[in-house]
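Coordinates from coords.cif are shown below (mmCIF, C-alpha atoms).
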```cif
data_target
loop_
_atom_site.label_atom_id
_atom_site.label_comp_id
_atom_site.auth_asym_id
_atom_site.auth_seq_id
_atom_site.Cartn_x
_atom_site.Cartn_y
_atom_site.Cartn_z
CA MET A 1 0.00 0.00 0.00
CA GLU A 2 1.15 3.56 -0.68
CA ASP A 3 2.67 5.71 2.03
CA ILE A 4 0.02 6.93 4.45
CA ILE A 5 0.91 10.59 3.83
CA ILE A 6 0.07 12.31 0.54
CA SER A 7 1.76 15.64 -0.21
CA PRO A 8 -0.16 18.65 -1.56
CA GLN A 9 1.73 18.29 -4.85
CA GLU A 10 0.76 14.63 -5.27
CA PHE A 11 -2.81 15.36 -4.17
CA LYS A 12 -3.13 18.13 -6.79
CA LYS A 13 -1.78 15.77 -9.46
CA LYS A 14 -4.37 13.16 -8.53
CA LEU A 15 -7.11 15.82 -8.61
CA ASP A 16 -6.03 16.82 -12.13
CA ASN A 17 -5.92 13.19 -13.28
CA ASN A 18 -9.38 12.38 -11.89
CA GLU A 19 -7.88 9.91 -9.40
CA VAL A 20 -9.56 11.32 -6.28
CA ARG A 21 -12.83 9.54 -5.60
CA PHE A 22 -13.59 10.02 -1.90
CA VAL A 23 -12.47 12.68 0.61
CA PHE A 24 -13.19 12.50 4.33
CA ASP A 25 -12.99 16.02 5.81
CA LEU A 26 -12.80 16.16 9.62
CA ARG A 27 -13.07 19.92 10.02
CA SER A 28 -16.05 21.73 11.54
CA GLU A 29 -19.07 22.32 9.33
CA ASP A 30 -18.30 26.06 9.15
CA ASP A 31 -14.65 25.55 8.18
CA PHE A 32 -15.69 22.92 5.64
CA LYS A 33 -18.18 25.31 4.01
CA ASP A 34 -15.63 28.13 4.00
CA GLY A 35 -12.98 26.06 2.25
CA LYS A 36 -14.23 22.84 0.71
CA VAL A 37 -11.53 21.12 -1.32
CA GLU A 38 -12.46 21.08 -5.00
CA GLY A 39 -10.92 19.62 -8.13
CA ARG A 40 -11.28 19.62 -11.87
CA TYR A 41 -13.56 16.57 -11.58
CA GLU A 42 -16.35 15.70 -9.17
CA PHE A 43 -15.69 13.38 -6.24
CA GLN A 44 -17.60 12.33 -3.14
CA THR A 45 -16.91 14.21 0.10
CA LEU A 46 -17.92 13.23 3.63
CA ASN A 47 -17.73 15.98 6.23
CA LEU A 48 -17.84 14.73 9.80
CA PRO A 49 -16.19 16.94 12.48
CA GLN A 50 -13.44 15.17 14.38
CA GLU A 51 -15.14 15.75 17.73
CA ASP A 52 -18.08 13.73 16.43
CA PHE A 53 -15.91 11.03 14.89
CA VAL A 54 -13.04 10.35 17.32
CA GLY A 55 -14.22 7.88 19.95
CA GLU A 56 -17.22 6.91 17.81
CA GLU A 57 -15.32 5.52 14.82
CA ASP A 58 -17.06 2.16 14.58
CA LYS A 59 -20.42 3.89 14.54
CA HIS A 60 -19.53 5.52 11.20
CA ILE A 61 -17.67 2.71 9.49
CA ASP A 62 -20.47 2.01 7.00
CA LYS A 63 -20.04 5.51 5.56
CA PHE A 64 -16.69 4.64 3.98
CA PRO A 65 -16.23 2.85 0.64
CA LYS A 66 -14.18 -0.37 0.62
CA ASP A 67 -13.42 -0.38 -3.09
CA ILE A 68 -11.92 3.10 -3.71
CA PRO A 69 -9.09 5.11 -2.10
CA ILE A 70 -9.94 7.56 0.69
CA ILE A 71 -8.13 10.84 1.35
CA THR A 72 -8.52 12.14 4.90
CA ILE A 73 -8.24 15.88 5.59
CA CYS A 74 -8.25 18.00 8.74
CA ALA A 75 -6.99 21.44 9.75
CA HIS A 76 -3.35 20.60 10.49
CA GLY A 77 -2.83 16.97 9.46
CA ASP A 78 -2.79 15.23 12.85
CA SER A 79 -6.40 14.05 13.15
CA SER A 80 -6.48 13.04 9.50
CA ARG A 81 -3.38 10.86 9.95
CA TYR A 82 -4.90 9.17 13.00
CA THR A 83 -8.08 8.58 10.97
CA ALA A 84 -6.18 7.20 7.97
CA GLU A 85 -4.34 4.78 10.27
CA TRP A 86 -7.63 3.63 11.82
CA LEU A 87 -9.20 3.14 8.39
CA ARG A 88 -6.22 1.09 7.23
CA GLU A 89 -6.52 -1.13 10.29
CA LYS A 90 -10.12 -1.75 9.23
CA GLY A 91 -9.07 -2.75 5.71
CA PHE A 92 -9.64 0.54 3.87
CA ASN A 93 -7.20 2.17 1.45
CA ALA A 94 -6.69 5.52 3.17
CA ARG A 95 -4.12 8.31 3.06
CA SER A 96 -3.83 11.58 4.95
CA LEU A 97 -3.19 14.98 3.33
CA GLU A 98 0.14 16.24 4.64
CA GLY A 99 -0.19 19.32 6.83
CA GLY A 100 -3.96 19.41 6.42
CA ILE A 101 -5.72 22.47 5.05
CA ASP A 102 -2.96 24.65 6.54
CA LEU A 103 -0.38 23.31 4.09
CA TRP A 104 -2.86 22.87 1.23
CA SER A 105 -3.86 26.55 1.47
CA GLU A 106 -0.19 27.53 1.04
CA TYR A 107 0.49 25.30 -1.96
CA TYR A 108 1.43 27.13 -5.17
CA GLU A 109 2.05 25.98 -8.72
CA THR A 110 4.38 27.93 -10.98
CA SER A 111 3.88 27.93 -14.75
CA LYS A 112 5.74 29.71 -17.52
CA ILE A 113 3.42 31.49 -19.95
CA SER A 114 5.91 32.88 -22.46
CA ASP A 115 9.65 32.99 -23.12
CA ASN A 116 10.33 36.48 -24.47
CA PRO A 117 9.58 38.22 -22.24
CA ALA A 118 9.45 35.40 -19.71
CA ILE A 119 6.14 35.50 -17.80
CA TYR A 120 5.70 33.28 -14.74
CA GLN A 121 2.31 32.68 -13.15
CA PHE A 122 2.11 31.64 -9.48
CA TYR A 123 -1.22 29.97 -8.74
CA ARG A 124 -2.42 29.44 -5.16
CA VAL A 125 -4.45 26.33 -5.73
CA ALA A 126 -6.75 26.33 -2.69
CA ARG A 127 -7.83 29.97 -3.05
CA GLY A 128 -7.55 30.70 -6.76
CA CYS A 129 -5.19 33.65 -6.18
CA ILE A 130 -2.57 34.46 -8.82
CA SER A 131 0.69 36.45 -8.91
CA TYR A 132 3.11 37.17 -11.74
CA LEU A 133 6.82 37.71 -12.36
CA ILE A 134 8.01 39.11 -15.69
CA ASN A 135 11.63 38.97 -16.85
CA SER A 136 12.66 40.97 -19.92
CA ASN A 137 16.36 40.81 -20.69
CA GLY A 138 17.32 40.56 -17.03
CA GLU A 139 14.98 43.25 -15.67
CA GLY A 140 11.69 42.39 -14.03
CA ILE A 141 8.40 43.30 -12.44
CA VAL A 142 6.21 41.53 -9.87
CA ILE A 143 2.43 41.89 -10.13
CA ASP A 144 -0.08 41.24 -7.32
CA ALA A 145 2.25 39.33 -5.00
CA MET A 146 0.59 37.26 -2.28
CA ARG A 147 1.80 37.15 1.31
CA HIS A 148 3.72 33.88 0.82
CA ILE A 149 6.51 35.74 -0.91
CA ASP A 150 9.16 33.02 -0.70
CA VAL A 151 7.84 31.26 -3.79
CA ILE A 152 8.34 34.46 -5.81
CA LEU A 153 11.71 35.30 -4.24
CA LYS A 154 12.93 31.79 -5.03
CA LYS A 155 12.05 32.23 -8.71
CA ILE A 156 13.65 35.70 -8.79
CA ASN A 157 16.91 34.21 -7.52
CA GLU A 158 16.63 31.14 -9.74
CA ILE A 159 16.40 33.14 -12.97
CA ASN A 160 18.70 35.91 -11.72
CA VAL A 161 16.41 38.81 -12.64
CA LYS A 162 16.74 42.35 -11.27
CA VAL A 163 13.20 43.35 -10.29
CA LYS A 164 12.69 47.10 -10.73
CA TYR A 165 8.98 47.39 -9.94
CA VAL A 166 6.42 45.70 -7.70
CA ILE A 167 2.79 46.54 -8.47
CA ASP A 168 -0.57 45.86 -6.84
CA THR A 169 -3.25 46.34 -9.48
CA HIS A 170 -5.74 47.27 -6.76
CA LEU A 171 -6.30 47.16 -3.00
CA GLN A 172 -7.06 43.50 -2.35
CA ALA A 173 -10.02 42.63 -0.11
CA ASP A 174 -9.82 38.84 -0.01
CA HIS A 175 -6.13 38.13 0.59
CA ILE A 176 -3.13 39.84 2.13
CA SER A 177 -0.71 41.40 -0.33
CA GLY A 178 2.99 40.63 -0.16
CA GLY A 179 3.86 43.42 -2.57
CA ARG A 180 5.31 45.92 -0.13
CA GLU A 181 7.35 43.26 1.65
CA ILE A 182 8.87 42.00 -1.59
CA ALA A 183 9.71 45.56 -2.67
CA GLN A 184 11.44 46.21 0.66
CA ARG A 185 13.33 42.93 0.56
CA ILE A 186 14.75 43.41 -2.94
CA GLY A 187 14.98 47.20 -3.11
CA ALA A 188 12.32 47.72 -5.79
CA LYS A 189 9.76 50.49 -6.19
CA TYR A 190 6.23 49.66 -4.98
CA PHE A 191 3.29 51.00 -7.00
CA ILE A 192 -0.47 51.23 -6.38
CA ASN A 193 -3.17 53.58 -7.63
CA PRO A 194 -3.75 56.47 -5.16
CA HIS A 195 -7.53 56.04 -5.37
CA ASP A 196 -7.09 52.70 -3.60
CA ALA A 197 -4.33 53.83 -1.25
CA LYS A 198 -6.22 56.58 0.55
CA ASN A 199 -5.27 56.62 4.25
CA ALA A 200 -2.47 54.11 3.59
CA ASN A 201 0.14 53.96 6.32
CA TYR A 202 3.09 53.64 3.94
CA LYS A 203 4.80 55.40 1.06
CA TYR A 204 4.27 54.26 -2.51
CA GLU A 205 4.72 55.24 -6.14
CA GLU A 206 1.53 56.28 -7.94
CA LEU A 207 0.14 54.27 -10.85
CA LYS A 208 -0.93 56.92 -13.37
CA ASN A 209 -3.07 56.30 -16.43
CA GLY A 210 -1.08 56.50 -19.63
CA ASP A 211 2.35 56.24 -17.99
CA LYS A 212 4.79 53.63 -19.25
CA LEU A 213 7.26 51.49 -17.34
CA HIS A 214 10.26 49.97 -19.08
CA ILE A 215 11.94 46.69 -18.19
CA GLY A 216 14.59 45.23 -20.46
CA ASN A 217 13.17 45.15 -23.98
CA SER A 218 9.56 45.48 -22.83
CA VAL A 219 7.12 48.34 -22.25
CA ILE A 220 4.24 48.25 -19.76
CA GLU A 221 1.39 50.69 -20.36
CA ILE A 222 -0.63 51.68 -17.30
CA ILE A 223 -4.41 51.73 -17.91
CA HIS A 224 -6.61 53.05 -15.10
CA SER A 225 -9.54 50.62 -15.24
CA PRO A 226 -11.86 51.33 -12.29
CA GLY A 227 -14.92 49.31 -11.42
CA HIS A 228 -13.88 46.52 -9.10
CA THR A 229 -12.29 49.29 -7.04
CA PRO A 230 -11.89 53.00 -7.88
CA GLY A 231 -8.16 52.47 -8.31
CA SER A 232 -8.20 49.22 -10.26
CA THR A 233 -5.42 49.43 -12.81
CA SER A 234 -4.56 47.17 -15.74
CA LEU A 235 -1.08 46.66 -17.15
CA LEU A 236 -0.60 46.13 -20.88
CA LEU A 237 2.70 44.39 -21.60
CA ASP A 238 4.14 44.92 -25.09
CA GLY A 239 0.64 45.54 -26.45
CA LYS A 240 -0.13 41.81 -26.10
CA TYR A 241 -0.64 40.74 -22.47
CA LEU A 242 -3.20 42.51 -20.27
CA PHE A 243 -2.87 42.02 -16.51
CA THR A 244 -6.39 42.89 -15.34
CA GLY A 245 -6.20 42.24 -11.59
CA ASP A 246 -9.78 41.33 -10.64
CA LEU A 247 -11.46 43.46 -13.32
CA ILE A 248 -11.82 40.67 -15.87
CA MET A 249 -11.26 37.06 -14.89
CA LYS A 250 -11.59 33.97 -17.03
CA THR A 251 -15.25 33.25 -16.26
CA SER A 252 -16.41 36.33 -14.37
CA ILE A 253 -16.03 40.07 -13.93
CA GLY A 254 -14.95 41.75 -10.70
CA ARG A 255 -17.71 42.78 -8.35
CA PRO A 256 -18.17 46.56 -7.85
CA ASP A 257 -19.90 46.59 -4.46
CA LEU A 258 -17.18 46.15 -1.84
CA GLY A 259 -16.83 49.88 -1.21
CA GLY A 260 -20.46 50.53 -0.34
CA ALA A 261 -21.06 52.59 -3.49
CA SER A 262 -22.23 49.90 -5.87
CA GLU A 263 -24.06 52.13 -8.38
CA GLU A 264 -21.14 54.55 -8.70
CA TRP A 265 -18.60 51.72 -9.02
CA THR A 266 -20.84 49.81 -11.43
CA LYS A 267 -20.85 52.86 -13.71
CA MET A 268 -17.04 52.84 -13.56
CA LEU A 269 -17.06 49.15 -14.42
CA PHE A 270 -19.40 49.72 -17.38
CA ASP A 271 -17.17 52.49 -18.72
CA THR A 272 -14.03 50.38 -18.30
CA LEU A 273 -15.45 47.40 -20.18
CA PHE A 274 -16.93 49.37 -23.07
CA LYS A 275 -14.65 52.43 -23.27
CA LYS A 276 -11.32 51.91 -21.49
CA TYR A 277 -10.84 48.48 -23.07
CA ALA A 278 -12.49 49.30 -26.42
CA HIS A 279 -9.19 49.78 -28.25
CA LEU A 280 -7.82 46.38 -27.23
CA SER A 281 -7.85 43.72 -29.93
CA ASP A 282 -9.69 40.44 -29.47
CA ASP A 283 -6.42 38.52 -29.41
CA THR A 284 -5.12 40.46 -26.38
CA ILE A 285 -4.25 37.84 -23.75
CA ILE A 286 -5.88 38.45 -20.36
CA LEU A 287 -3.93 37.35 -17.29
CA PRO A 288 -6.14 37.80 -14.18
CA THR A 289 -5.26 37.81 -10.49
CA HIS A 290 -8.01 35.38 -9.50
CA ALA A 291 -9.72 32.22 -10.68
CA SER A 292 -13.13 31.20 -9.39
CA SER A 293 -12.39 27.49 -9.81
CA ILE A 294 -9.46 25.15 -10.33
CA ARG A 295 -11.25 24.17 -13.54
CA GLU A 296 -10.13 27.45 -15.08
CA GLN A 297 -6.55 26.19 -15.05
CA GLU A 298 -5.58 24.62 -18.38
CA LEU A 299 -2.15 23.07 -18.86
CA GLY A 300 -1.21 24.73 -15.58
CA ILE A 301 -2.20 28.25 -16.67
CA VAL A 302 -5.19 30.52 -16.03
CA MET A 303 -5.79 32.95 -18.88
CA THR A 304 -8.28 34.03 -21.53
CA THR A 305 -8.49 36.62 -24.34
CA MET A 306 -10.41 39.83 -24.85
CA GLY A 307 -12.29 38.15 -27.69
CA LYS A 308 -13.49 35.30 -25.47
CA ALA A 309 -14.41 37.70 -22.68
CA ARG A 310 -16.47 39.85 -25.05
CA LYS A 311 -18.18 36.80 -26.48
CA GLU A 312 -18.70 34.63 -23.39
CA LEU A 313 -19.09 36.83 -20.29
CA ASP A 314 -22.66 37.78 -19.40
CA LEU A 315 -22.04 41.46 -18.71
CA TYR A 316 -20.34 42.03 -22.05
CA GLN A 317 -23.64 41.22 -23.76
CA ILE A 318 -25.46 44.14 -22.12
CA LYS A 319 -24.97 47.52 -23.81
CA GLU A 320 -27.37 49.70 -21.79
CA PHE A 321 -26.27 50.79 -18.33
CA GLY A 322 -29.70 50.36 -16.69
CA ASP A 323 -29.86 46.71 -17.70
CA PHE A 324 -26.17 46.31 -16.85
CA PHE A 325 -26.77 47.59 -13.31
CA LYS A 326 -29.75 45.25 -12.80
CA GLN A 327 -27.66 42.29 -13.94
CA VAL A 328 -24.80 43.24 -11.61
CA SER A 329 -27.17 43.65 -8.66
CA SER A 330 -28.58 40.16 -9.19
CA SER A 331 -25.14 38.57 -9.59
CA LEU A 332 -23.42 39.62 -6.38
CA PRO A 333 -22.26 36.85 -4.03
CA PRO A 334 -22.14 37.42 -0.25
CA ASN A 335 -19.51 39.86 0.96
CA PRO A 336 -16.23 38.20 1.98
CA GLU A 337 -16.57 37.75 5.73
CA ARG A 338 -13.26 39.38 6.65
CA TYR A 339 -12.77 41.78 3.77
CA GLN A 340 -12.77 44.98 5.83
CA GLU A 341 -9.96 43.68 8.03
CA ILE A 342 -7.97 42.52 5.02
CA ARG A 343 -8.31 45.94 3.40
CA LYS A 344 -6.91 47.51 6.59
CA VAL A 345 -3.98 45.10 6.54
CA ASN A 346 -3.29 46.01 2.92
CA LEU A 347 -3.40 49.70 3.85
CA GLY A 348 -0.80 49.11 6.55
CA LEU A 349 -3.29 49.90 9.32
CA LEU A 350 -3.21 46.40 10.84
CA ASN A 351 -0.26 44.04 11.25
CA PRO A 352 -1.59 40.54 11.99
CA ASP A 353 0.62 37.69 13.16
CA GLU A 354 0.78 34.48 11.13
CA LYS A 355 -2.10 32.84 12.99
CA LYS A 356 -4.37 35.84 12.41
CA ALA A 357 -3.28 36.14 8.77
CA LYS A 358 -4.27 32.52 8.14
CA GLU A 359 -7.62 33.15 9.81
CA LEU A 360 -8.28 36.20 7.63
CA GLU A 361 -7.60 34.23 4.46
CA ILE A 362 -9.84 31.25 5.22
CA GLY A 363 -12.16 30.28 2.39
CA LYS A 364 -12.40 30.93 -1.34
CA ASN A 365 -12.04 34.33 -2.90
CA LEU A 366 -15.32 36.10 -3.65
CA CYS A 367 -14.08 38.91 -5.87
CA GLY A 368 -15.98 37.86 -8.99
CA MET A 369 -19.69 37.99 -9.68
CA SER A 370 -21.63 34.77 -10.05
CA LYS A 371 -22.71 33.66 -13.51
CA ASN A 372 -26.42 34.13 -14.06
CA LYS A 373 -28.32 31.00 -14.94
#
```
Structure rendered as structure tokens:
Amino acid sequence: MEDIIISPQEFKKKLDNNEVRFVFDLRSEDDFKDGKVEGRYEFQTLNLPQEDFVGEEDKHIDKFPKDIPIITICAHGDSSRYTAEWLREKGFNARSLEGGIDLWSEYYETSKISDNPAIYQFYRVARGCISYLINSNGEGIVIDAMRHIDVILKKINEINVKVKYVIDTHLQADHISGGREIAQRIGAKYFINPHDAKNANYKYEELKNGDKLHIGNSVIEIIHSPGHTPGSTSLLLDGKYLFTGDLIMKTSIGRPDLGGASEEWTKMLFDTLFKKYAHLSDDTIILPTHASSIREQELGIVMTTMGKARKELDLYQIKEFGDFFKQVSSSLPPNPERYQEIRKVNLGLLNPDEKKAKELEIGKNLCGMSKNK
């Protein structure tokens, strides 16, 4: 039988290959709902909190399949290992996810999108968050870094690139940015749009519409593209790659309601989609900062094109603002539970320890609007 521990990397591979059939999740019902493990393919999940299971194991034995492998999951990996050992003693084929949800939520995959310039995408599998590193002839830029900065720093050192700029496309509300920390660590300039950095407790360089940044042989055009936030800014690399932050994602468009001014921000969003982006060709490649599902990842990469967005996304089919606003209002998911605290962290007004940071980032991102049926 295979080793009782399965690493996040091996678990992700099995998810992608449709080899996960049954997951036993021992977390509380609330934690399970906040962060249910999902894959490209459907599989059966049993959620039974460990306090209800441990000591009553035999009572639940009929709930487990004998003929397919079982992956056990808990918060930190201890209870799930105990459970996997018990299941094996009873004749089941069980393995425990190493480090539990703690380690799974920190697992990243790195994919190379292009060679010249070299674009690297860092995908946080459990939360659908995405960061980028661009290397053009030895000079680089980091876009929308997440708080686990070591994965990006490792790649910077590996490819020996001198990063000149670190940019946050907007003030994040669902995860903690690592942008300022990376900039400080490597001596780069940190940029954000001043509309999003009001009351920020740190110094920054201003992202200004129409400005251009140069790295190596590449040019990055700054496009102020408000709507998800007032300061949302897109970055057009060499006229071909558009880094949209949360404004346009592969299967959704960024919600405009997190600032409490949904009609005003929705008007900004409407103008960005139909005016700010109007000059962009259909073959412009969109590289977003979030994915709503692991199913958006193809060959390790999350991306789309302007043409597909204009053809496939619901809101791009609506040309009148009144109808657009009604559609937006009916498509909004619940507010992220901790988004106000996260915004304060990203403004430098709060400095959580690691335990609190993990707590703030529990659950999936909710930055995109739901697709209307």
Quick one: everything within 7 Å of Leu237 of chain A, counting all atoms listed in the file, minus sequence neighbours fewer than 2 positions away in the same chain. Send it as a JSON list (two decimals) with C-alpha atoms, in the coordinates of the input.
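File result.json, as written:
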```json
[["chain", "number", "residue", "atom", "x", "y", "z"],
["A", 219, "VAL", "CA", 7.12, 48.34, -22.25],
["A", 220, "ILE", "CA", 4.24, 48.25, -19.76],
["A", 221, "GLU", "CA", 1.39, 50.69, -20.36],
["A", 235, "LEU", "CA", -1.08, 46.66, -17.15],
["A", 239, "GLY", "CA", 0.64, 45.54, -26.45],
["A", 240, "LYS", "CA", -0.13, 41.81, -26.10],
["A", 241, "TYR", "CA", -0.64, 40.74, -22.47],
["A", 242, "LEU", "CA", -3.20, 42.51, -20.27]]
```
**Message:** So that I can check the surroundings of Glu106 of chain A, please list as a PyMOL selection string every protein, DNA and RNA residue that reaches within 12 Å of it, counting only C-alpha atoms and ignoring chain neighbours fewer than 2 positions away.
**Reply:** chain A and resi 8-9+98-104+108-109+122-129+146-151+357-358+361-362
**Request:** Please evaluate the PyMOL selection byres ((chain A and resi 22) around 10) against the displayed coordinates and give the resulting residues as a list in words.
**Result:**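 On the file shown, the PyMOL selection byres ((chain A and resi 22) around 10) covers Glu19, Val20, Arg21, Val23, Phe24, Asp25, Glu42, Phe43, Gln44, Thr45, Leu46, Phe64, Pro65, Ile68, Pro69, Ile70, Ile71, Thr72 and Ala94 of chain A.
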Taking C-alpha atoms for each residue, export the selection above as a short mmCIF file (atom, residue, chain, number, x, y, z; two decimals), in the coordinates of the input.
```cif
data_model
loop_
_atom_site.label_atom_id
_atom_site.label_comp_id
_atom_site.auth_asym_id
_atom_site.auth_seq_id
_atom_site.Cartn_x
_atom_site.Cartn_y
_atom_site.Cartn_z
CA GLU A 19 -7.88 9.91 -9.40
CA VAL A 20 -9.56 11.32 -6.28
CA ARG A 21 -12.83 9.54 -5.60
CA VAL A 23 -12.47 12.68 0.61
CA PHE A 24 -13.19 12.50 4.33
CA ASP A 25 -12.99 16.02 5.81
CA GLU A 42 -16.35 15.70 -9.17
CA PHE A 43 -15.69 13.38 -6.24
CA GLN A 44 -17.60 12.33 -3.14
CA THR A 45 -16.91 14.21 0.10
CA LEU A 46 -17.92 13.23 3.63
CA PHE A 64 -16.69 4.64 3.98
CA PRO A 65 -16.23 2.85 0.64
CA ILE A 68 -11.92 3.10 -3.71
CA PRO A 69 -9.09 5.11 -2.10
CA ILE A 70 -9.94 7.56 0.69
CA ILE A 71 -8.13 10.84 1.35
CA THR A 72 -8.52 12.14 4.90
CA ALA A 94 -6.69 5.52 3.17
#
```
Please enumerate the residues selected by the PyMOL selection byres ((chain A and resi 250) around 10) when evaluated against the supplied file, formatted as a short mmCIF file (atom, residue, chain, number, x, y, z; two decimals) with C-alpha atoms, keeping the file's coordinate frame.
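New file selection.cif:
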```cif
data_model
loop_
_atom_site.label_atom_id
_atom_site.label_comp_id
_atom_site.auth_asym_id
_atom_site.auth_seq_id
_atom_site.Cartn_x
_atom_site.Cartn_y
_atom_site.Cartn_z
CA ASP A 246 -9.78 41.33 -10.64
CA ILE A 248 -11.82 40.67 -15.87
CA MET A 249 -11.26 37.06 -14.89
CA THR A 251 -15.25 33.25 -16.26
CA SER A 252 -16.41 36.33 -14.37
CA ILE A 253 -16.03 40.07 -13.93
CA ILE A 286 -5.88 38.45 -20.36
CA LEU A 287 -3.93 37.35 -17.29
CA PRO A 288 -6.14 37.80 -14.18
CA THR A 289 -5.26 37.81 -10.49
CA HIS A 290 -8.01 35.38 -9.50
CA ALA A 291 -9.72 32.22 -10.68
CA SER A 292 -13.13 31.20 -9.39
CA SER A 293 -12.39 27.49 -9.81
CA GLU A 296 -10.13 27.45 -15.08
CA GLN A 297 -6.55 26.19 -15.05
CA VAL A 302 -5.19 30.52 -16.03
CA MET A 303 -5.79 32.95 -18.88
CA THR A 304 -8.28 34.03 -21.53
CA THR A 305 -8.49 36.62 -24.34
CA MET A 306 -10.41 39.83 -24.85
CA LYS A 308 -13.49 35.30 -25.47
CA ALA A 309 -14.41 37.70 -22.68
CA GLU A 312 -18.70 34.63 -23.39
CA LEU A 313 -19.09 36.83 -20.29
CA GLY A 368 -15.98 37.86 -8.99
#
```
**Request:** Go through the shown structure with the PyMOL selection byres ((chain A and resi 228) around 10) and write out the matching residues as a list in words.
**Result:**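 Evaluating the PyMOL selection byres ((chain A and resi 228) around 10) on these coordinates yields His170, Leu171, Ser225, Pro226, Gly227, Thr229, Pro230, Gly231, Ser232, Thr233, Gly245, Asp246, Leu247, Ile248, Ile253, Gly254, Arg255, Pro256, Asp257, Leu258, Gly259, Ser262, Trp265, Thr266, Met268, Leu269, Thr272, Cys367 and Gly368 of chain A.
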**Prompt:** For the atom pair atom CA of Glu181 of chain A and atom CA of Ser7 of chain A, what is the interatomic distance in Å to one decimal place?
**Reply:**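 Going from atom CA of Glu181 of chain A over to atom CA of Ser7 of chain A, I get 28.2 Å.
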**Message:** One decimal, in Å: what's the spacing between atom CA of Tyr165 of chain A and atom CA of Ser281 of chain A?
**Reply:**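 Atom CA of Ser281 of chain A lies 26.4 Å from atom CA of Tyr165 of chain A.
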**Request:** For atom CA of Gly179 of chain A and atom CA of Asp144 of chain A, determine how far apart the two atoms are, in Å to one decimal place.
**Result:**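 Value for the atom CA of Gly179 of chain A-atom CA of Asp144 of chain A distance: 6.5 Å.
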**Item:** Selection: 8 Å around Ile134 of chain A, all atoms listed in the file, excl. self and same-chain fewer than 4 positions, as a VMD selection string
**Value:** chain A and resid 117 to 120 140 to 142
**Message:** When you count all atoms listed in the file, which of these residues is closest to Thr110 of chain A: A:Ile152, A:Ala278, A:Ala84, A:Ala183?
**Reply:**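 The shortest atom-to-atom distance to Thr110 of chain A comes from A:Ile152.
Residue nearest Ile182 of chain A, chosen from A:Glu85, A:Lys33, A:Ala145, A:Lys267 and counting only C-alpha atoms: A:Ala145.
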**Message:** So, with all atoms listed in the file as the atoms that count, which of A:Asp353, A:Gln317, A:Ser96, A:Pro333 lies closest to Glu2 of chain A?
**Reply:**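 Distance minimum relative to Glu2 of chain A lands on A:Ser96.
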Which segment 205-259 of chain A residues have any atom within 6 Å of an atom of segment 187-194 of chain A, and for each, what is the nearest pair of atoms with distance in Å to one decimal, counting only C-alpha atoms, rows sorted by chain and number, as a tab-separated table?
```
residue	atom	partner	partner_atom	distance
A:Glu205	CA	A:Phe191	CA	4.6
A:Glu206	CA	A:Asn193	CA	5.4
A:Leu207	CA	A:Asn193	CA	4.7
A:Gly231	CA	A:Asn193	CA	5.2
```
**Message:** I'd like the neighbourhood of Leu315 of chain A as JSON, numbers by chain, where a residue qualifies if any of its atoms comes within 10 Å (using only C-alpha atoms), though same-chain residues fewer than 3 positions away should be ignored.
**Reply:** {"A": [252, 253, 270, 273, 309, 310, 311, 312, 318, 319, 323, 324, 325, 327, 328, 369, 371, 372]}
**Message:** With 10 Å as the threshold, what does the neighbourhood of (-10.4, 41.2, 0.0) contain in terms of residues, counting only C-alpha atoms? Coordinates are those of the file; answer as number ranges by chain.
**Reply:** A: 171-177, 258, 335-346, 360-361, 365-367
**Item:** Nearest candidate to Ala75 of chain A (options A:Ser131, A:Gln121, A:Ser28, A:Ser136; using only C-alpha atoms)
**Value:**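 Ranked by minimum distance to Ala75 of chain A, first place goes to A:Ser28.
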**Asked** Which residue out of A:Ile6, A:Ile222, A:Leu347, A:Leu48 has the minimum interatomic distance to Arg180 of chain A when all atoms listed in the file are used?
**Response**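 Comparing A:Ile6, A:Ile222, A:Leu347, A:Leu48 against Arg180 of chain A, the winner is A:Leu347.
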**Request:** In the coordinates of the file, take the point (-11.9, 10.0, 16.6) and a cut-off of 12 Å; then, counting all atoms listed in the file, name each qualifying protein, DNA or RNA residue as a VMD selection string.
**Result:** chain A and resid 26 to 27 48 to 61 74 78 to 87
